[in-house]
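Taking it in order: structure first as structure tokens, then the write-up.
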Amino acid sequence: MRLVAGEGNYAGDNFPDDLCHAAILRSPHAHARIRGIDVSAAKSLPGVLAVLTGKDAAADGIGAIPHSPDWQGPPDAELRLPDGFDVFLTDNTPLPAEIVRYVGEGVAMVVAETAACAADAAELIEVDYEPLPAVTDSRTSMEIGAPQIWTGCASNIALTCEVGDANATSAAFERAAHIVRFDSRIHRVTGSPMEPRAVVGEYDEDKDFYTLHAASGRGAVQTRERLAVTLGVAKEQCRAVFGDMGGNFGTRNAFSPEFALMPWAARKVGRPVKWTANRTECFLSDYQARDLYSNSELALDADGKFLALRGENTLNLGAYTVYFWPLRKGLSMMQGTYNIPAIHYKGHAVLTNTAPTAVYRSAGRPEAIYMIERLIDLAAEQHGFDKVDLRRRNLIQSDDMPYTNGVGVTYDSGDYTAAMDAALHEGDWNGFEARKAESAARGLCRGRGIANYIEVTSGIPRERAEITVADDGYIDLVVGTMSSGQGHETSFPQLLCEWLEVPFEKIRFVVNDTNRVSVGGGSHSGRSMRLVSIAAGEAVEALLEKGKEIAAHAMQAPIDEIEYAEGAFHAPGGGSLDLWAAAKAGESEPELPKLEGIGDIVNRVGGYPYGAHACEVEVDPETGHVDILEWTAVDDVGVAVNPLILHGQAHGAAVQGIGQAMLEAIEYDPESAQLLTGSFMDYAMPRADNMPPFKTVVTEVPASSHPHGIRPGGEGGTTPALGLLVNAIVDALSDYGVTHVEMPATPERVWRAIQAAKQA
């Protein structure tokens with residue numbers, strides 16, 4: 001309600017006294033050496049306070065951003081590196097001093113009295129560039145003779161690895177009756193949150209202290225630590241303060257260069273400095289996502305039993321090694337929910353002259369599910385199987401749980417067959433033929449799809465919850481996550497309302513300020529509710545134990561006879577003490593504890609949400625236009641804390657997947673490496689009027705891997721959407737002989753697929 005009423009507080013809403021503004025000059029070249037920068041004209045413009053370059057930053061000790069390029073981490077598959085191979089990690093300085101590596105990378109910063117003045121001055125900076133050869137495609141970048149992007153990485157391959165059992169997989173393929181091959185690209189997209197990146201930096205010279213106002217899915221604690229490292233100071237000299245966040249989806253989990261540049265600029269000019277990206281800057285310099293090539297093969301016996309899966313995945317990192325997570329998590333989930341005994345994949349993470357890629361909703365898992373679900377439909381079409389029966393025959397069964405997949409990841413619990421059956425029933429799968437005939441009578445092609453999915457969610461394993469009964473009648477709940485629309489300030493206090501049996505309005509939710517929050521991993525990989533619930537549960541237990549000690553002392557009763565119910569401690573005989581009275585009693589006696597509880601946990605156990613989605617589409621064969629007519633989503637979240645929020649997240653997640661499958665695409669010119677999709681004129685976004693009605697079903701098979709049975713619930717719809725939609729479109733066009741449409745399945749691509757099939 002607060003956000004709907006216009007009472008949000010976003011990074012751009014901060015206006016400290018004596019505020020000045022910054023603008024970033026960005027490189028027009030994808031790869032170039034900086035031979036010199038002339039800032040004299042910019043400095044002479046009235047109102048300009050400073051013009052800063054990469055050399056200035058280096059002279060002031062500004063270092064590289066400490067990203068999270070972890071290439072291995074439980075509960076993901078074990079990635080094996082070739083003998084003698086060293087993972088290559090790049091140095092991502094906020095302003096490069098010598099070489100730029102993608103169009104839109106910042107090369108200089110102007111600080112001025114107004115944003116307009118700063119932008120005008122940036123236009124006056126003259127940079128002497130020596131253009132260098134550039135490459136945008138990951139497979140081309142791996143070729144011998146491709147432009148070298150980083151000294152020390154001659155192959156442009158930052159990581160190469162393998163998972164699974166190569167010998168067992170080869171043996172299974174040798175005895176297979178059927179082999180299906182599918183090669184595809186899960187193309188690049190960008191997050192496009194409603195709120196553009198905005199940063200305010202402050203510096204207190206007397207205290208030598210930096211303050212950052214921004215928003216990141218990594219949370220205030222993680223951002224503060226990265227700020228300190230980049231600035232080259234102790235973290236005790238930094239504070240991160242976040243307000244609300246107008247969208248994230250993962251691409252804003254990484255530390256942006258401007259997060260360090262604005263506090264540094266504030267120190268240089270002695271005033272708070274603000275920067276707000278325009279939408280063009282967002283397209284150029286936001287962290288982007290996906291961009292994976294996969295070549296995969298599925299082996300089946302004569303009865304359609306899956307024997308083995310193998311292939312090669314190639315991830316485009318862009319210019320910097322920000323995250324390997326999409327590659328490694330995708331390799332962990334290539335078999336999806338199916339019992340495939342032997343698996344072997346190679347994986348490569350490759351540098352190119354494009355904006356860096358980061359995590360994006362369900363990073364790596366939509367790519368994996370897309371590949372396996374397309375392979376299954378192709379197998380059904382090529383070898384005469386029914387697509388539903390083929391899936392049912394190979395689904396992992398509930399009594400096989402826990403189940404360890406072919407690359408060593410152990411799924412906890414679930415009923416995958418029941419989820420698929422629910423999606424088929426709710427989507428009226430059996431009534432499809434009548435609807436198809438009705439569409440055909442109107443000259444349209446109707447198709448349907450079904451897709452099963454599973455995710456592996458982990459993230460930073462440490463989380464902390466602090467609960468304090470305050471003397472003003474509230475209970476403070478302090479946690480270290482960062483909401484970007486998941487409803488944390490509703491669902492997290494709900495836990496305390498249930499466990500402490502107090503009214504919702506009595507809970508004061510405290511987040512996003514390192515003056516209050518000491519530990520926290522932020523929000524990514526479905527970790528927020530999963531880990532906060534464990535930490536908060538431990539904090540509640542600690543608080544109640546202290547409360548019983550206080551109540552026993554105050555009411556002169558044995559501690560083991562004190563009971564807690566309905567917000568109060570009760571003693572035999574009818575005496576009671578509510579939480580706030582107990583807190584006051586604890587404050588009045590020095591030997592009694594303060595009424596608070598802390599849960600500080602480290603949990604490396606993965607979460608495995610799963611489900612099944614079904615949809616129907618209608619295709620106009622004359623134009624290639626696709627309408628999604630029905631969408632049924634069955635998502636299992638273990639135990640649901642707030643079903644209403646989960647249904648909303650299911651809608652949003654599905655829309656995000658639909659956007660990639662049908663509309664959104666970041667494209668670079670392969671010759672010039674210029675961004676071709678730099679505005680919403682070129683980058684199509686899903687809108688309410690072209691989305692289908694969603695039928696969402698939340699099922700609850702308690703997660704055996706979680707003490708409260710909770711699974712993450714925010715990424716499910718995105719994960720199956722890519723494969724589901726392409727399967728449905730191809731099904732609609734099967735009478736024409738269309739076997740595949742590459743994403744995004746725009747009307748032009750669909751029309752061209754029809755024409756090519758007709759000619760063939």
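Labels for the structure tokens follow display order: chains A, B, ..., residues from 1 in each chain, ligands from 1.
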Could you list, with a cut-off of 9 Å and counting only C-alpha atoms, the residues of segment 504-589 of chain A near segment 478-498 of chain A, each shown with its nearest atom pair and the distance in Å rounded to one decimal, rows sorted by chain and ascending number, as CSV?
```
residue,atom,partner,partner_atom,distance
A:Phe504,CA,A:Cys497,CA,5.7
A:Glu505,CA,A:Pro493,CA,8.9
A:Lys506,CA,A:Cys497,CA,8.5
A:Ile507,CA,A:Pro493,CA,6.0
A:Arg508,CA,A:Pro493,CA,7.8
A:Phe509,CA,A:Glu489,CA,6.2
A:Val510,CA,A:Val478,CA,4.7
A:Val511,CA,A:Val479,CA,5.7
A:Asn512,CA,A:Met482,CA,6.7
A:Asp513,CA,A:Gly480,CA,8.7
A:Thr514,CA,A:Gly480,CA,8.9
A:Arg516,CA,A:Val478,CA,7.5
A:Val517,CA,A:Gly480,CA,6.0
A:Ser518,CA,A:Gly480,CA,7.5
A:Val519,CA,A:Gly480,CA,5.9
A:Gly520,CA,A:Gly480,CA,3.7
A:Gly521,CA,A:Thr481,CA,6.1
A:Gly522,CA,A:Thr481,CA,3.9
A:Ser523,CA,A:Thr481,CA,5.4
A:Arg527,CA,A:Thr481,CA,8.9
A:Ser528,CA,A:Thr481,CA,6.3
A:Met529,CA,A:Phe492,CA,7.4
A:Val532,CA,A:Val479,CA,7.4
A:Ser533,CA,A:Leu495,CA,7.4
A:Ala535,CA,A:Val479,CA,9.0
A:Ala536,CA,A:Leu496,CA,7.9
A:Gly537,CA,A:Leu495,CA,8.2
A:Val540,CA,A:Leu496,CA,7.7
```
Would you save the residues from that selection as a short mmCIF file (atom, residue, chain, number, x, y, z; two decimals), in the first residue's frame, using N, CA and C atoms?
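The file below, part_38.cif, is the result:
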```cif
data_model
loop_
_atom_site.label_atom_id
_atom_site.label_comp_id
_atom_site.auth_asym_id
_atom_site.auth_seq_id
_atom_site.Cartn_x
_atom_site.Cartn_y
_atom_site.Cartn_z
N PHE A 504 0.03 -7.87 13.26
CA PHE A 504 0.98 -7.51 12.20
C PHE A 504 1.52 -6.10 12.38
N GLU A 505 0.65 -5.18 12.78
CA GLU A 505 1.07 -3.78 12.88
C GLU A 505 2.06 -3.53 14.01
N LYS A 506 2.30 -4.54 14.84
CA LYS A 506 3.27 -4.39 15.92
C LYS A 506 4.71 -4.67 15.47
N ILE A 507 4.87 -5.17 14.24
CA ILE A 507 6.20 -5.52 13.74
C ILE A 507 6.77 -4.35 12.95
N ARG A 508 7.95 -3.91 13.34
CA ARG A 508 8.65 -2.84 12.61
C ARG A 508 9.79 -3.49 11.84
N PHE A 509 9.72 -3.40 10.53
CA PHE A 509 10.67 -4.07 9.64
C PHE A 509 11.83 -3.13 9.35
N VAL A 510 13.06 -3.56 9.65
CA VAL A 510 14.25 -2.72 9.52
C VAL A 510 15.23 -3.39 8.57
N VAL A 511 15.57 -2.69 7.50
CA VAL A 511 16.50 -3.24 6.50
C VAL A 511 17.30 -2.10 5.87
N ASN A 512 18.30 -2.49 5.08
CA ASN A 512 18.91 -1.63 4.06
C ASN A 512 19.74 -0.46 4.60
N ASP A 513 20.25 -0.56 5.80
CA ASP A 513 21.12 0.49 6.33
C ASP A 513 22.19 -0.19 7.17
N THR A 514 23.44 -0.06 6.76
CA THR A 514 24.51 -0.75 7.48
C THR A 514 24.75 -0.16 8.87
N ARG A 516 22.32 -0.21 10.88
CA ARG A 516 21.43 -1.10 11.63
C ARG A 516 21.66 -2.57 11.29
N VAL A 517 22.07 -2.85 10.08
CA VAL A 517 22.19 -4.23 9.60
C VAL A 517 23.67 -4.58 9.53
N SER A 518 24.07 -5.64 10.21
CA SER A 518 25.48 -6.01 10.26
C SER A 518 25.84 -7.17 9.35
N VAL A 519 24.87 -8.03 9.05
CA VAL A 519 25.11 -9.22 8.24
C VAL A 519 23.94 -9.38 7.28
N GLY A 520 24.21 -9.79 6.07
CA GLY A 520 23.12 -10.05 5.14
C GLY A 520 23.63 -10.33 3.75
N GLY A 521 23.00 -11.25 3.07
CA GLY A 521 23.45 -11.64 1.74
C GLY A 521 22.65 -11.06 0.61
N GLY A 522 21.64 -10.22 0.92
CA GLY A 522 20.84 -9.66 -0.15
C GLY A 522 19.84 -10.66 -0.70
N SER A 523 19.29 -10.33 -1.86
CA SER A 523 18.25 -11.16 -2.47
C SER A 523 18.70 -11.64 -3.83
N ARG A 527 17.02 -16.88 -2.24
CA ARG A 527 17.53 -17.13 -0.90
C ARG A 527 16.77 -16.40 0.20
N SER A 528 16.00 -15.36 -0.12
CA SER A 528 15.51 -14.45 0.92
C SER A 528 14.62 -15.14 1.94
N MET A 529 13.45 -15.60 1.54
CA MET A 529 12.56 -16.25 2.49
C MET A 529 13.16 -17.54 3.01
N VAL A 532 16.01 -16.31 5.53
CA VAL A 532 15.52 -15.44 6.59
C VAL A 532 14.58 -16.21 7.52
N SER A 533 13.77 -17.12 6.97
CA SER A 533 12.86 -17.88 7.83
C SER A 533 13.62 -18.73 8.83
N ALA A 535 16.77 -18.07 9.98
CA ALA A 535 17.39 -17.15 10.94
C ALA A 535 16.36 -16.55 11.88
N ALA A 536 15.21 -16.15 11.33
CA ALA A 536 14.16 -15.56 12.17
C ALA A 536 13.60 -16.59 13.14
N GLY A 537 13.48 -17.84 12.70
CA GLY A 537 13.01 -18.88 13.60
C GLY A 537 13.93 -19.07 14.78
N VAL A 540 13.54 -16.08 17.13
CA VAL A 540 12.33 -16.18 17.95
C VAL A 540 12.56 -17.15 19.11
#
```
Self-check item: DSSP helix (DSSP H, G or I) residues within segment 348-578 of chain A, listed as a PyMOL selection string
Solution: chain A and resi 365-383+387-394+398-400+416-426+429-441+488-500+504-506+528-555+559-561
Quiz prompt | Nearest to Glu591 of chain A by atom-to-atom distance, counting only C-alpha atoms, from A:Met334, A:Ala115, A:Ile550, A:Met401 | solution = A:Ile550
Self-check item: For Glu742 of chain A: contacts at 9 Å, only C-alpha atoms, fewer than 2 positions along chain excluded, given as a ChimeraX atom specification
Solution: /A:184-186,661,726,740,744-745,749-750
Practice problem: Please identify all polymer residues within 10 Å of Glu671 of chain A, counting only C-alpha atoms, omitting same-chain residues fewer than 5 positions from it, and present them as a PyMOL selection string. | Solution: chain A and resi 133-136
Exercise. For Glu618 of chain A, please output as a ChimeraX atom specification all residues within 6 Å (counting only C-alpha atoms; exclusion window: fewer than 2 positions along the same chain).
Key: /A:445-446,626-627
Save out the residues we just selected, N, CA and C atoms, as a PDB file, in the first residue's frame.
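Result file follows (part-v3.pdb):
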```
ATOM      1  N   CYS A 445      -3.709 -21.168 -36.770  1.00  0.00           N
ATOM      2  CA  CYS A 445      -3.095 -22.422 -36.321  1.00  0.00           C
ATOM      3  C   CYS A 445      -2.980 -22.405 -34.799  1.00  0.00           C
ATOM      4  N   ARG A 446      -3.536 -23.399 -34.151  1.00  0.00           N
ATOM      5  CA  ARG A 446      -3.494 -23.459 -32.695  1.00  0.00           C
ATOM      6  C   ARG A 446      -2.508 -24.551 -32.270  1.00  0.00           C
ATOM      7  N   VAL A 626       1.701 -14.202 -33.167  1.00  0.00           N
ATOM      8  CA  VAL A 626       1.387 -15.230 -32.172  1.00  0.00           C
ATOM      9  C   VAL A 626       0.591 -14.606 -31.041  1.00  0.00           C
ATOM     10  N   ASP A 627      -0.533 -15.213 -30.710  1.00  0.00           N
ATOM     11  CA  ASP A 627      -1.303 -14.853 -29.524  1.00  0.00           C
ATOM     12  C   ASP A 627      -1.218 -15.997 -28.526  1.00  0.00           C
TER      13      ASP A 627
END
```
Practice problem: Report the distance between atom CA of Gly723 of chain A and atom CA of Asp669 of chain A in Å, rounded to one decimal place. | Solution: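 Atom-to-atom, atom CA of Gly723 of chain A and atom CA of Asp669 of chain A are spaced 26.6 Å apart.
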Return as a tab-separated table the residues of segment 285-346 of chain A lying at most 12 Å from segment 368-379 of chain A, together with the closest atom-to-atom pair for each and the distance in Å to one decimal, counting only C-alpha atoms, with rows in chain order and ascending residue number.
```
residue	atom	partner	partner_atom	distance
A:Arg290	CA	A:Ala368	CA	11.3
A:Leu292	CA	A:Ala368	CA	10.0
A:Tyr293	CA	A:Met371	CA	10.3
A:Ser294	CA	A:Met371	CA	7.6
A:Asn295	CA	A:Met371	CA	8.8
A:Ser296	CA	A:Met371	CA	7.4
A:Glu297	CA	A:Leu375	CA	7.7
A:Leu298	CA	A:Leu375	CA	6.8
A:Ala299	CA	A:Ala379	CA	9.3
A:Leu300	CA	A:Ala379	CA	8.6
A:Asp301	CA	A:Ala379	CA	11.2
A:Ala302	CA	A:Ala379	CA	11.5
A:Asp303	CA	A:Ala379	CA	11.7
A:Gly304	CA	A:Ala379	CA	8.6
A:Lys305	CA	A:Ala379	CA	11.0
A:Phe306	CA	A:Ile376	CA	9.6
A:Ala308	CA	A:Ile372	CA	11.6
A:Leu309	CA	A:Ile372	CA	8.9
A:Arg310	CA	A:Ile372	CA	10.6
A:Gly311	CA	A:Met371	CA	10.3
A:Glu312	CA	A:Met371	CA	11.4
A:Asn313	CA	A:Ala368	CA	9.6
A:Pro326	CA	A:Ala368	CA	10.0
A:Leu327	CA	A:Ala368	CA	9.7
A:Arg328	CA	A:Ala368	CA	10.7
A:Lys329	CA	A:Ala368	CA	8.8
A:Gly330	CA	A:Ala368	CA	5.3
A:Leu331	CA	A:Ala368	CA	7.3
A:Ser332	CA	A:Ala368	CA	8.6
A:Met333	CA	A:Ala368	CA	6.0
A:Met334	CA	A:Ala368	CA	4.7
A:Gln335	CA	A:Ile372	CA	6.3
A:Gly336	CA	A:Ile369	CA	6.0
A:Thr337	CA	A:Ile369	CA	9.0
A:Tyr338	CA	A:Ile372	CA	9.1
A:Asn339	CA	A:Ile372	CA	11.9
A:Ile340	CA	A:Ile372	CA	10.9
A:Tyr345	CA	A:Ala368	CA	11.6
```
If you keep C-alpha atoms, can you produce a file of those selected residues as a tab-separated table (two decimals), in the first residue's frame?
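Heads up, here's the output in again_35.tsv:
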```tsv
chain	number	residue	atom	x	y	z
A	290	ARG	CA	21.64	-14.91	-20.74
A	292	LEU	CA	24.26	-18.93	-24.06
A	293	TYR	CA	24.87	-21.29	-26.95
A	294	SER	CA	24.00	-24.91	-26.26
A	295	ASN	CA	24.59	-27.95	-28.47
A	296	SER	CA	22.82	-30.93	-26.91
A	297	GLU	CA	21.96	-34.55	-27.68
A	298	LEU	CA	19.47	-36.88	-26.00
A	299	ALA	CA	19.73	-40.67	-26.27
A	300	LEU	CA	16.63	-42.90	-25.94
A	301	ASP	CA	15.96	-46.61	-26.11
A	302	ALA	CA	13.33	-48.09	-28.41
A	303	ASP	CA	10.59	-47.59	-25.80
A	304	GLY	CA	11.43	-43.93	-25.26
A	305	LYS	CA	13.34	-44.36	-22.02
A	306	PHE	CA	15.98	-41.65	-21.65
A	308	ALA	CA	21.89	-40.19	-21.66
A	309	LEU	CA	22.29	-36.48	-22.30
A	310	ARG	CA	25.40	-34.68	-23.50
A	311	GLY	CA	26.46	-31.41	-24.98
A	312	GLU	CA	28.40	-28.19	-24.76
A	313	ASN	CA	27.32	-24.85	-23.29
A	326	PRO	CA	24.60	-18.81	-14.99
A	327	LEU	CA	26.98	-21.32	-16.58
A	328	ARG	CA	27.51	-23.49	-13.53
A	329	LYS	CA	23.87	-23.51	-12.40
A	330	GLY	CA	22.72	-24.35	-15.90
A	331	LEU	CA	25.15	-27.25	-16.07
A	332	SER	CA	23.69	-28.48	-12.78
A	333	MET	CA	20.15	-28.67	-14.16
A	334	MET	CA	20.45	-29.81	-17.78
A	335	GLN	CA	18.38	-32.96	-17.20
A	336	GLY	CA	15.56	-31.06	-15.50
A	337	THR	CA	13.05	-33.29	-13.69
A	338	TYR	CA	13.82	-36.39	-15.74
A	339	ASN	CA	15.58	-39.61	-14.81
A	340	ILE	CA	18.57	-39.60	-17.15
A	345	TYR	CA	28.59	-31.58	-20.62
```
Closest atom pairs, residues of segment 23-110 of chain A within 12 Å of segment 154-163 of chain A, only C-alpha atoms, as JSON lines:
```
{"residue": "A:Pro69", "atom": "CA", "partner": "A:Leu159", "partner_atom": "CA", "distance": 10.2}
{"residue": "A:Asp70", "atom": "CA", "partner": "A:Leu159", "partner_atom": "CA", "distance": 10.7}
{"residue": "A:Trp71", "atom": "CA", "partner": "A:Leu159", "partner_atom": "CA", "distance": 8.0}
{"residue": "A:Gln72", "atom": "CA", "partner": "A:Cys161", "partner_atom": "CA", "distance": 10.5}
{"residue": "A:Asp76", "atom": "CA", "partner": "A:Val163", "partner_atom": "CA", "distance": 10.4}
{"residue": "A:Ala77", "atom": "CA", "partner": "A:Val163", "partner_atom": "CA", "distance": 6.8}
{"residue": "A:Glu78", "atom": "CA", "partner": "A:Val163", "partner_atom": "CA", "distance": 6.4}
{"residue": "A:Leu79", "atom": "CA", "partner": "A:Val163", "partner_atom": "CA", "distance": 5.5}
{"residue": "A:Arg80", "atom": "CA", "partner": "A:Cys161", "partner_atom": "CA", "distance": 5.2}
{"residue": "A:Leu81", "atom": "CA", "partner": "A:Cys161", "partner_atom": "CA", "distance": 4.6}
{"residue": "A:Pro82", "atom": "CA", "partner": "A:Cys161", "partner_atom": "CA", "distance": 6.5}
{"residue": "A:Asp83", "atom": "CA", "partner": "A:Cys161", "partner_atom": "CA", "distance": 10.2}
{"residue": "A:Gly84", "atom": "CA", "partner": "A:Thr160", "partner_atom": "CA", "distance": 11.3}
{"residue": "A:Phe85", "atom": "CA", "partner": "A:Thr160", "partner_atom": "CA", "distance": 8.0}
{"residue": "A:Asp86", "atom": "CA", "partner": "A:Leu159", "partner_atom": "CA", "distance": 7.7}
{"residue": "A:Val87", "atom": "CA", "partner": "A:Leu159", "partner_atom": "CA", "distance": 5.2}
{"residue": "A:Phe88", "atom": "CA", "partner": "A:Ala158", "partner_atom": "CA", "distance": 4.6}
{"residue": "A:Leu89", "atom": "CA", "partner": "A:Ala158", "partner_atom": "CA", "distance": 6.8}
{"residue": "A:Thr90", "atom": "CA", "partner": "A:Ala158", "partner_atom": "CA", "distance": 8.7}
```
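Note that the spacing between atom CA of Val350 of chain A and atom CA of Gly714 of chain A amounts to 28.8 Å.
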Exercise. List the neighbours of segment 700-706 of chain A out to 9 Å using only C-alpha atoms; skip same-chain residues closer than 2 positions along the sequence, and give me the result as number ranges by chain.
Key: A: 402, 411-415, 530, 534, 605-609, 635-640, 698, 708-711
Could you please take those selected residues and save C-alpha atoms as a compact mmCIF listing (two decimals), in the first residue's frame?
```txt
# COMPACT_ATOMS: atom_id res chain seq x y z
CA PRO A 402 16.09 -37.69 -2.55
CA TYR A 411 17.03 -33.02 -5.39
CA ASP A 412 15.31 -32.98 -2.01
CA SER A 413 11.61 -33.84 -2.36
CA GLY A 414 8.63 -33.36 -4.62
CA ASP A 415 6.03 -34.96 -6.84
CA ARG A 530 14.40 -19.55 2.52
CA ILE A 534 15.56 -20.09 9.36
CA VAL A 605 21.74 -26.58 1.48
CA GLY A 606 20.07 -25.94 -1.84
CA GLY A 607 16.40 -25.36 -2.47
CA TYR A 608 14.61 -27.11 -5.32
CA PRO A 609 11.35 -25.46 -6.39
CA ASP A 635 4.43 -24.11 -8.97
CA ASP A 636 5.40 -26.03 -5.85
CA VAL A 637 6.80 -23.75 -3.14
CA GLY A 638 6.96 -26.22 -0.26
CA VAL A 639 5.08 -24.29 2.41
CA ALA A 640 3.55 -20.98 1.29
CA VAL A 698 0.47 -23.04 -5.88
CA HIS A 708 10.04 -25.08 7.80
CA GLY A 709 9.45 -26.86 4.48
CA ILE A 710 9.88 -23.68 2.41
CA ARG A 711 11.02 -23.55 -1.21
```
Would you mind listing, for every residue of segment 569-671 of chain A within 12 Å of segment 236-254 of chain A, the two atoms forming the shortest contact and the distance between them in Å to one decimal, using only C-alpha atoms, sorted by chain and ascending residue number, as JSON lines?
```
{"residue": "A:Gln649", "atom": "CA", "partner": "A:Phe249", "partner_atom": "CA", "distance": 11.5}
{"residue": "A:Gly652", "atom": "CA", "partner": "A:Phe249", "partner_atom": "CA", "distance": 10.4}
{"residue": "A:Ala653", "atom": "CA", "partner": "A:Phe249", "partner_atom": "CA", "distance": 9.5}
{"residue": "A:Gln656", "atom": "CA", "partner": "A:Phe249", "partner_atom": "CA", "distance": 9.2}
{"residue": "A:Gly657", "atom": "CA", "partner": "A:Phe249", "partner_atom": "CA", "distance": 11.6}
```
Please report as JSON lines every residue of segment 693-719 of chain A lying within 10 Å of segment 450-462 of chain A, along with the nearest atom pair and their distance in Å (one decimal), using only C-alpha atoms.
```
{"residue": "A:Arg711", "atom": "CA", "partner": "A:Thr457", "partner_atom": "CA", "distance": 8.9}
{"residue": "A:Pro712", "atom": "CA", "partner": "A:Thr457", "partner_atom": "CA", "distance": 7.7}
{"residue": "A:Glu715", "atom": "CA", "partner": "A:Glu455", "partner_atom": "CA", "distance": 8.5}
{"residue": "A:Gly716", "atom": "CA", "partner": "A:Tyr453", "partner_atom": "CA", "distance": 7.9}
{"residue": "A:Gly717", "atom": "CA", "partner": "A:Tyr453", "partner_atom": "CA", "distance": 9.2}
{"residue": "A:Thr718", "atom": "CA", "partner": "A:Tyr453", "partner_atom": "CA", "distance": 9.9}
{"residue": "A:Thr719", "atom": "CA", "partner": "A:Tyr453", "partner_atom": "CA", "distance": 6.7}
```
Sorted by chain and rising residue number, which residues of segment 3-119 of chain A lie within 9 Å of segment 276-283 of chain A, and what are their closest atom pairs and distances in Å to one decimal, counting only C-alpha atoms, as CSV?
```
residue,atom,partner,partner_atom,distance
A:Ala11,CA,A:Thr276,CA,8.9
A:Gly12,CA,A:Thr276,CA,6.9
A:His21,CA,A:Thr276,CA,8.7
A:Ala22,CA,A:Thr276,CA,8.2
A:Ala23,CA,A:Thr276,CA,8.2
A:Arg26,CA,A:Glu281,CA,8.7
A:Gly104,CA,A:Glu281,CA,7.3
A:Ala115,CA,A:Thr276,CA,8.8
```
Selection to disk with N, CA and C atoms, as a PDB file, in the first residue's frame:
```
ATOM      1  N   ALA A  11      16.344   5.539  -4.732  1.00  0.00           N
ATOM      2  CA  ALA A  11      17.653   6.188  -4.711  1.00  0.00           C
ATOM      3  C   ALA A  11      17.587   7.592  -5.296  1.00  0.00           C
ATOM      4  N   GLY A  12      16.798   7.770  -6.342  1.00  0.00           N
ATOM      5  CA  GLY A  12      16.679   9.083  -6.965  1.00  0.00           C
ATOM      6  C   GLY A  12      15.936  10.099  -6.141  1.00  0.00           C
ATOM      7  N   HIS A  21      25.852  17.363  -9.234  1.00  0.00           N
ATOM      8  CA  HIS A  21      25.442  16.271 -10.112  1.00  0.00           C
ATOM      9  C   HIS A  21      26.587  15.818 -11.009  1.00  0.00           C
ATOM     10  N   ALA A  22      26.499  14.543 -11.399  1.00  0.00           N
ATOM     11  CA  ALA A  22      27.551  13.960 -12.233  1.00  0.00           C
ATOM     12  C   ALA A  22      26.980  13.457 -13.551  1.00  0.00           C
ATOM     13  N   ALA A  23      27.838  13.417 -14.537  1.00  0.00           N
ATOM     14  CA  ALA A  23      27.534  12.789 -15.822  1.00  0.00           C
ATOM     15  C   ALA A  23      28.744  11.957 -16.218  1.00  0.00           C
ATOM     16  N   ARG A  26      30.872   8.154 -21.999  1.00  0.00           N
ATOM     17  CA  ARG A  26      30.969   6.735 -22.296  1.00  0.00           C
ATOM     18  C   ARG A  26      31.604   6.507 -23.668  1.00  0.00           C
ATOM     19  N   GLY A 104      29.846   2.027 -24.442  1.00  0.00           N
ATOM     20  CA  GLY A 104      29.109   2.462 -23.264  1.00  0.00           C
ATOM     21  C   GLY A 104      29.906   2.404 -21.983  1.00  0.00           C
ATOM     22  N   ALA A 115      22.703  18.745 -13.361  1.00  0.00           N
ATOM     23  CA  ALA A 115      22.857  17.588 -14.237  1.00  0.00           C
ATOM     24  C   ALA A 115      23.025  18.024 -15.685  1.00  0.00           C
TER      25      ALA A 115
END
```
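For the residues A:Asn603, A:Ser576, A:Thr53, A:Ser525, ranking by smallest atom-to-atom distance to Pro707 of chain A using only C-alpha atoms places A:Asn603 first.
The environment of Ala568 of chain A within 9 Å, counting only C-alpha atoms and disregarding residues fewer than 6 places along the same chain, consists of Leu500, Glu501, Ser576, Leu577, Asp578, Leu579, Trp580, Ala581 and Ala582 of chain A.
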Practice problem: Extract the full set of strand (DSSP E or B) residues from segment 235-372 of chain A according to DSSP on the backbone, and format it as an MDAnalysis selection string. | Solution: chainID A and resid 238:242 273:276 288:300 306:318 338 342:351 357
Self-check item: Of the listed residues A:Pro94, A:Pro366, A:Pro74, A:Gly219, that which approaches Val409 of chain A most closely, counting only C-alpha atoms
Solution: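 Checking each candidate against Val409 of chain A, we get A:Pro74 as the closest.
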